[in-house]
$ cat start-v9.cif   # mmCIF, C-alpha atoms
data_input
#
loop_
_atom_site.label_atom_id
_atom_site.label_comp_id
_atom_site.auth_asym_id
_atom_site.auth_seq_id
_atom_site.Cartn_x
_atom_site.Cartn_y
_atom_site.Cartn_z
CA LYS A 1 -4.96 28.03 -55.14
CA THR A 2 -7.31 30.12 -53.11
CA CYS A 3 -7.88 30.52 -49.43
CA SER A 4 -11.39 29.47 -48.50
CA LYS A 5 -11.47 30.80 -44.92
CA VAL A 6 -9.51 33.02 -42.58
CA TYR A 7 -9.64 32.29 -38.84
CA GLU A 8 -8.76 34.74 -36.10
CA VAL A 9 -7.89 33.23 -32.73
CA GLU A 10 -6.76 34.48 -29.32
CA ASN A 11 -4.16 31.81 -28.60
CA ILE A 12 -2.96 29.73 -31.52
CA ASN A 13 -1.53 27.07 -29.21
CA ASN A 14 -5.03 26.26 -27.94
CA GLU A 15 -6.31 25.55 -31.47
CA GLU A 16 -4.67 22.17 -32.22
CA GLU A 17 -7.94 20.27 -32.73
CA ARG A 18 -9.47 22.94 -34.97
CA ILE A 19 -6.32 23.16 -37.09
CA LYS A 20 -6.12 19.37 -37.45
CA LYS A 21 -9.79 19.29 -38.48
CA ILE A 22 -9.22 22.01 -41.09
CA ASN A 23 -6.12 20.12 -42.32
CA PRO A 24 -4.55 23.21 -43.94
CA ASP A 25 -1.91 23.06 -46.64
CA LEU A 26 -0.28 26.21 -45.26
CA MET A 27 -0.71 28.44 -42.23
CA VAL A 28 0.31 32.11 -42.20
CA VAL A 29 0.88 34.09 -39.01
CA SER A 30 1.46 37.82 -39.04
CA GLY A 31 1.57 40.33 -36.21
CA TRP A 32 1.53 37.44 -33.75
CA ARG A 33 2.54 37.97 -30.14
CA GLN A 34 2.91 34.32 -29.20
CA ILE A 35 5.51 31.67 -29.90
CA VAL A 36 3.78 29.00 -31.99
CA LYS A 37 4.43 25.53 -30.55
CA SER A 38 5.70 22.73 -32.81
CA LYS A 39 2.46 20.75 -32.30
CA ILE A 40 0.75 23.62 -34.17
CA TYR A 41 3.21 24.88 -36.78
CA SER A 42 3.98 21.35 -37.98
CA ILE A 43 0.35 20.51 -38.83
CA PRO A 44 0.15 22.16 -42.30
CA LYS A 45 1.69 20.07 -45.09
CA LEU A 46 3.64 23.07 -46.44
CA GLY A 47 4.52 24.44 -43.01
CA THR A 48 3.74 27.73 -41.32
CA ILE A 49 5.14 31.02 -42.51
CA GLY A 50 5.43 34.25 -40.58
CA PHE A 51 6.36 37.86 -41.15
CA HIS A 52 8.49 39.96 -38.80
CA PRO A 53 9.19 43.68 -39.31
CA SER A 54 12.95 43.57 -38.85
CA PRO A 55 15.90 42.28 -40.87
CA LEU A 56 16.09 38.93 -39.06
CA PRO A 57 18.09 37.69 -37.27
CA LYS A 58 18.53 41.30 -36.12
CA GLY A 59 15.61 42.61 -34.06
CA ARG A 60 13.87 39.45 -32.97
CA GLY A 61 11.07 39.73 -30.46
CA PRO A 62 8.45 42.25 -29.39
CA ALA A 63 7.50 45.68 -30.67
CA PRO A 64 9.86 45.83 -33.67
CA ILE A 65 8.38 49.03 -35.09
CA ILE A 66 8.61 50.86 -31.76
CA ASN A 67 12.07 49.49 -30.99
CA SER A 68 13.57 50.19 -34.42
CA ILE A 69 12.57 53.86 -34.15
CA LEU A 70 13.68 54.10 -30.50
CA GLN A 71 17.07 52.67 -31.43
CA GLY A 72 17.48 55.17 -34.26
CA TRP A 73 17.53 52.67 -37.11
CA SER A 74 17.62 54.29 -40.55
CA LYS A 75 17.04 50.98 -42.35
CA SER A 76 14.82 48.04 -41.57
CA ALA A 77 12.97 45.26 -43.38
CA VAL A 78 10.15 42.80 -43.26
CA THR A 79 11.36 39.21 -43.16
CA MET A 80 9.22 36.31 -44.36
CA PHE A 81 10.24 33.06 -42.69
CA TYR A 82 9.24 29.52 -41.81
CA VAL A 83 7.96 29.46 -38.25
CA ASP A 84 9.77 27.28 -35.77
CA GLU A 85 9.46 27.08 -31.99
CA GLY A 86 12.04 29.81 -31.41
CA LEU A 87 11.53 33.53 -31.21
CA ASP A 88 11.49 34.68 -34.86
CA SER A 89 14.27 32.19 -35.56
CA GLY A 90 13.03 30.09 -38.48
CA ASP A 91 14.56 29.74 -41.93
CA ILE A 92 14.26 32.88 -44.03
CA ILE A 93 12.25 32.85 -47.24
CA GLY A 94 12.86 36.47 -48.20
CA ARG A 95 13.36 39.99 -46.98
CA GLU A 96 12.05 43.34 -48.22
CA ASN A 97 14.12 46.34 -47.10
CA PHE A 98 12.89 49.87 -46.45
CA ASP A 99 14.23 53.13 -45.02
CA ILE A 100 13.16 54.73 -41.76
CA LEU A 101 13.41 58.48 -42.26
CA GLU A 102 14.21 60.91 -39.45
CA ASP A 103 10.66 62.27 -39.62
CA ASP A 104 8.86 58.91 -39.89
CA TYR A 105 6.37 58.25 -37.12
CA ALA A 106 5.15 54.79 -36.10
CA SER A 107 2.26 54.90 -38.59
CA ASP A 108 4.66 55.76 -41.42
CA VAL A 109 6.84 52.76 -40.59
CA TYR A 110 3.74 50.60 -40.16
CA ASP A 111 2.68 51.56 -43.73
CA LYS A 112 6.14 50.62 -45.02
CA VAL A 113 5.89 47.29 -43.22
CA THR A 114 2.49 46.61 -44.80
CA HIS A 115 3.71 47.41 -48.32
CA SER A 116 6.87 45.35 -47.80
CA GLY A 117 4.81 42.39 -46.61
CA ILE A 118 2.61 42.62 -49.70
CA ASP A 119 5.72 42.68 -51.89
CA LEU A 120 7.03 39.55 -50.15
CA VAL A 121 3.75 37.73 -50.74
CA ASP A 122 3.86 38.73 -54.42
CA LYS A 123 7.47 37.51 -54.77
CA PHE A 124 7.39 34.28 -52.77
CA PHE A 125 3.90 32.93 -52.16
CA THR A 126 3.78 30.82 -55.32
CA SER A 127 7.16 29.27 -54.51
CA VAL A 128 6.00 28.56 -50.94
CA LEU A 129 2.96 26.74 -52.34
CA ASP A 130 4.96 24.69 -54.85
CA GLY A 131 7.71 23.86 -52.34
CA SER A 132 10.52 25.74 -54.08
CA ALA A 133 10.79 28.74 -51.72
CA PRO A 134 14.23 29.54 -50.28
CA ARG A 135 15.05 28.25 -46.79
CA ASP A 136 18.07 30.16 -45.54
CA ALA A 137 19.03 29.37 -41.95
CA GLN A 138 19.49 32.40 -39.72
CA ASN A 139 22.96 33.02 -38.35
CA GLU A 140 22.51 32.75 -34.57
CA ASP A 141 25.76 34.68 -33.99
CA GLU A 142 24.11 37.74 -35.59
CA ALA A 143 20.84 37.49 -33.64
CA THR A 144 19.76 40.50 -31.57
CA PHE A 145 16.62 40.83 -29.46
CA PHE A 146 14.30 43.73 -28.78
CA LYS A 147 13.10 44.33 -25.24
CA LYS A 148 9.41 44.30 -24.46
CA PRO A 149 8.32 47.87 -23.75
CA SER A 150 6.08 48.69 -20.82
CA ILE A 151 3.78 51.68 -20.38
CA ARG A 152 6.39 53.19 -18.06
CA ASP A 153 8.66 53.49 -21.11
CA ASN A 154 6.20 55.99 -22.64
CA GLU A 155 7.08 58.65 -20.08
CA ILE A 156 9.54 61.31 -21.23
CA ASP A 157 12.14 62.30 -18.68
CA VAL A 158 13.14 65.82 -19.69
CA GLU A 159 15.83 65.84 -17.01
CA SER A 160 17.84 62.87 -18.27
CA GLU A 161 16.83 62.13 -21.87
CA THR A 162 18.52 63.88 -24.78
CA PRO A 163 16.41 65.82 -27.29
CA GLU A 164 17.21 63.11 -29.88
CA LYS A 165 15.94 60.36 -27.59
CA ILE A 166 12.81 62.35 -26.75
CA TYR A 167 12.09 62.93 -30.44
CA ARG A 168 12.56 59.22 -31.23
CA LYS A 169 10.29 58.30 -28.31
CA ILE A 170 7.55 60.66 -29.52
CA ARG A 171 7.77 59.20 -33.05
CA ALA A 172 8.05 55.55 -31.93
CA LEU A 173 5.11 55.63 -29.53
CA SER A 174 2.78 57.72 -31.70
CA TYR A 175 -0.38 56.40 -33.37
CA PRO A 176 -1.33 53.54 -33.55
CA TYR A 177 0.36 53.19 -30.15
CA LEU A 178 -0.50 54.97 -26.89
CA GLY A 179 1.88 57.91 -27.26
CA ALA A 180 4.68 59.40 -25.20
CA PHE A 181 3.93 61.77 -22.33
CA ILE A 182 5.50 64.13 -19.83
CA LYS A 183 4.39 64.10 -16.21
CA ILE A 184 4.30 67.31 -14.21
CA GLY A 185 3.28 66.53 -10.66
CA ASN A 186 0.43 64.06 -11.00
CA LYS A 187 -0.67 65.29 -14.43
CA LYS A 188 0.27 63.94 -17.81
#
$ encode --input "start-v9.cif" --output "structure tokens"
Amino acid sequence: KTCSKVYEVENINNEEERIKKINPDLMVVSGWRQIVKSKIYSIPKLGTIGFHPSPLPKGRGPAPIINSILQGWSKSAVTMFYVDEGLDSGDIIGRENFDILEDDYASDVYDKVTHSGIDLVDKFFTSVLDGSAPRDAQNEDEATFFKKPSIRDNEIDVESETPEKIYRKIRALSYPYLGAFIKIGNKK
């Protein structure tokens, strides 16, 4: 099967009529910052699949690349899953693990996420289309959640933060993100 069109939208939950008109077999969401409502994810005959750059159920929620580096993770993964109305809580199709090295910056981890996602598509997309893909329920007792960072979190506090934390912050918030900074007086 081939995909005839790709649609980019601002808010998936406002697109019910368009999605019903398209009548898709499958919907794929990746890098999404919204919880997809059941009225949307249940439209495609084969469901809706998503990708999250953490080893779900660990690391649900926002900014997984930033947060995994900030928390000093040495291992992470991309998880391919069936979307449900929860926060990254749907049944797992597969997971592709990767290492986060001590000198990896955000863009390095982002590249690993991209390659891992491609590997997951290669391994599981055919089985998703023919209905034979795995559906492993997540263990809610093992679920952890990342906090949503704010721009205030980008500031380095040389008085209270350890050198290790400062180094992780610099790496985590580097390109393609806004970067960490030190404020001296009113100057960054």
$ resolve_selection --input "start-v9.cif" --expression "the PyMOL selection byres ((chain A and resi 143) around 8)" --output "list in words"
Leu56, Pro57, Lys58, Gly59, Arg60, Asn139, Glu140, Asp141, Glu142, Thr144 and Phe145 of chain A
$ write_last_selection --input "start-v9.cif" --atoms "C-alpha atoms" --output "compact mmCIF listing (two decimals), keeping the file's coordinate frame"
# COMPACT_ATOMS: atom_id res chain seq x y z
CA LEU A 56 16.09 38.93 -39.06
CA PRO A 57 18.09 37.69 -37.27
CA LYS A 58 18.53 41.30 -36.12
CA GLY A 59 15.61 42.61 -34.06
CA ARG A 60 13.87 39.45 -32.97
CA ASN A 139 22.96 33.02 -38.35
CA GLU A 140 22.51 32.75 -34.57
CA ASP A 141 25.76 34.68 -33.99
CA GLU A 142 24.11 37.74 -35.59
CA THR A 144 19.76 40.50 -31.57
CA PHE A 145 16.62 40.83 -29.46
$ closest_atom_pairs --input "start-v9.cif" --of "segment 71-176 of chain A" --to "segment 35-52 of chain A" --cutoff "8 Å" --atoms "all atoms listed in the file" --output "tab-separated table"
residue	atom	partner	partner_atom	distance
A:Val78	CA	A:His52	CA	5.5
A:Thr79	CA	A:His52	CA	5.3
A:Met80	CA	A:Phe51	CA	4.6
A:Phe81	CA	A:Gly50	CA	5.4
A:Tyr82	CA	A:Ile49	CA	4.4
A:Val83	CA	A:Ile49	CA	5.3
A:Asp84	CA	A:Ser38	CA	6.8
A:Glu85	CA	A:Lys37	CA	5.5
A:Gly86	CA	A:Ile35	CA	7.0
A:Leu87	CA	A:Ile35	CA	6.4
A:Asp88	CA	A:His52	CA	7.2
A:Gly117	CA	A:Phe51	CA	7.3
A:Val128	CA	A:Leu46	CA	7.5
A:Leu129	CA	A:Leu46	CA	7.0
A:Gly131	CA	A:Leu46	CA	7.2
$ residues_around --input "start-v9.cif" --residues "Asp108 of chain A" --least-positions-apart "3" --cutoff "12 Å" --atoms "all atoms listed in the file" --output "ChimeraX atom specification"
/A:65-66,69,98-105,111-115,171-176
$ write_last_selection --input "start-v9.cif" --atoms "C-alpha atoms" --output "short mmCIF file (atom, residue, chain, number, x, y, z; two decimals), in the frame of the given file"
data_model
loop_
_atom_site.label_atom_id
_atom_site.label_comp_id
_atom_site.auth_asym_id
_atom_site.auth_seq_id
_atom_site.Cartn_x
_atom_site.Cartn_y
_atom_site.Cartn_z
CA ILE A 65 8.38 49.03 -35.09
CA ILE A 66 8.61 50.86 -31.76
CA ILE A 69 12.57 53.86 -34.15
CA PHE A 98 12.89 49.87 -46.45
CA ASP A 99 14.23 53.13 -45.02
CA ILE A 100 13.16 54.73 -41.76
CA LEU A 101 13.41 58.48 -42.26
CA GLU A 102 14.21 60.91 -39.45
CA ASP A 103 10.66 62.27 -39.62
CA ASP A 104 8.86 58.91 -39.89
CA TYR A 105 6.37 58.25 -37.12
CA ASP A 111 2.68 51.56 -43.73
CA LYS A 112 6.14 50.62 -45.02
CA VAL A 113 5.89 47.29 -43.22
CA THR A 114 2.49 46.61 -44.80
CA HIS A 115 3.71 47.41 -48.32
CA ARG A 171 7.77 59.20 -33.05
CA ALA A 172 8.05 55.55 -31.93
CA LEU A 173 5.11 55.63 -29.53
CA SER A 174 2.78 57.72 -31.70
CA TYR A 175 -0.38 56.40 -33.37
CA PRO A 176 -1.33 53.54 -33.55
#
$ atom_distance --input "start-v9.cif" --atom1 "atom CA of Ser74 of chain A" --atom2 "atom CA of Tyr177 of chain A"
20.2 Å
$ resolve_selection --input "start-v9.cif" --expression "the PyMOL selection byres ((chain A and resi 31) around 10)" --output "number ranges by chain"
A: 29-30, 32-34, 50-53, 62-63
$ axis_aligned_box --input "start-v9.cif" --around "segment 109-121 of chain A" --padding-each-side "3 Å" --output "AutoDock Vina command-line options"
--center_x 4.8 --center_y 45.2 --center_z -46.0 --size_x 10.5 --size_y 21.0 --size_z 17.7
$ closest_residue --input "start-v9.cif" --among "A:Thr126, A:Ser68, A:Ser150, A:Gln138" --to "Ala106 of chain A" --atoms "only C-alpha atoms"
A:Ser68
$ resolve_selection --input "start-v9.cif" --expression "the PyMOL selection byres ((chain A and resi 124) around 9)" --output "PyMOL selection string"
chain A and resi 80+93-94+119-123+125-129+133-134
$ write_last_selection --input "start-v9.cif" --atoms "C-alpha atoms" --output "mmCIF file, keeping the file's coordinate frame"
data_model
loop_
_atom_site.group_PDB
_atom_site.id
_atom_site.type_symbol
_atom_site.label_atom_id
_atom_site.label_comp_id
_atom_site.auth_asym_id
_atom_site.auth_seq_id
_atom_site.Cartn_x
_atom_site.Cartn_y
_atom_site.Cartn_z
ATOM 1 C CA MET A 80 9.220 36.310 -44.360
ATOM 2 C CA ILE A 93 12.250 32.850 -47.240
ATOM 3 C CA GLY A 94 12.860 36.470 -48.200
ATOM 4 C CA ASP A 119 5.720 42.680 -51.890
ATOM 5 C CA LEU A 120 7.030 39.550 -50.150
ATOM 6 C CA VAL A 121 3.750 37.730 -50.740
ATOM 7 C CA ASP A 122 3.860 38.730 -54.420
ATOM 8 C CA LYS A 123 7.470 37.510 -54.770
ATOM 9 C CA PHE A 125 3.900 32.930 -52.160
ATOM 10 C CA THR A 126 3.780 30.820 -55.320
ATOM 11 C CA SER A 127 7.160 29.270 -54.510
ATOM 12 C CA VAL A 128 6.000 28.560 -50.940
ATOM 13 C CA LEU A 129 2.960 26.740 -52.340
ATOM 14 C CA ALA A 133 10.790 28.740 -51.720
ATOM 15 C CA PRO A 134 14.230 29.540 -50.280
#
$ atom_distance --input "start-v9.cif" --atom1 "atom CA of Ser107 of chain A" --atom2 "atom CA of Asn186 of chain A"
29.1 Å
$ closest_residue --input "start-v9.cif" --among "A:Trp73, A:Tyr7, A:Tyr167, A:Tyr110" --to "Asn154 of chain A" --atoms "all atoms listed in the file"
A:Tyr167
$ atom_distance --input "start-v9.cif" --atom1 "atom CA of Arg95 of chain A" --atom2 "atom CA of Ile118 of chain A"
11.4 Å
$ closest_residue --input "start-v9.cif" --among "A:Pro24, A:Gly185, A:Gly179, A:Pro149" --to "Ile166 of chain A" --atoms "all atoms listed in the file"
A:Gly179
$ closest_residue --input "start-v9.cif" --among "A:Lys183, A:Lys165, A:Arg135, A:Lys21" --to "Arg152 of chain A" --atoms "all atoms listed in the file"
A:Lys183
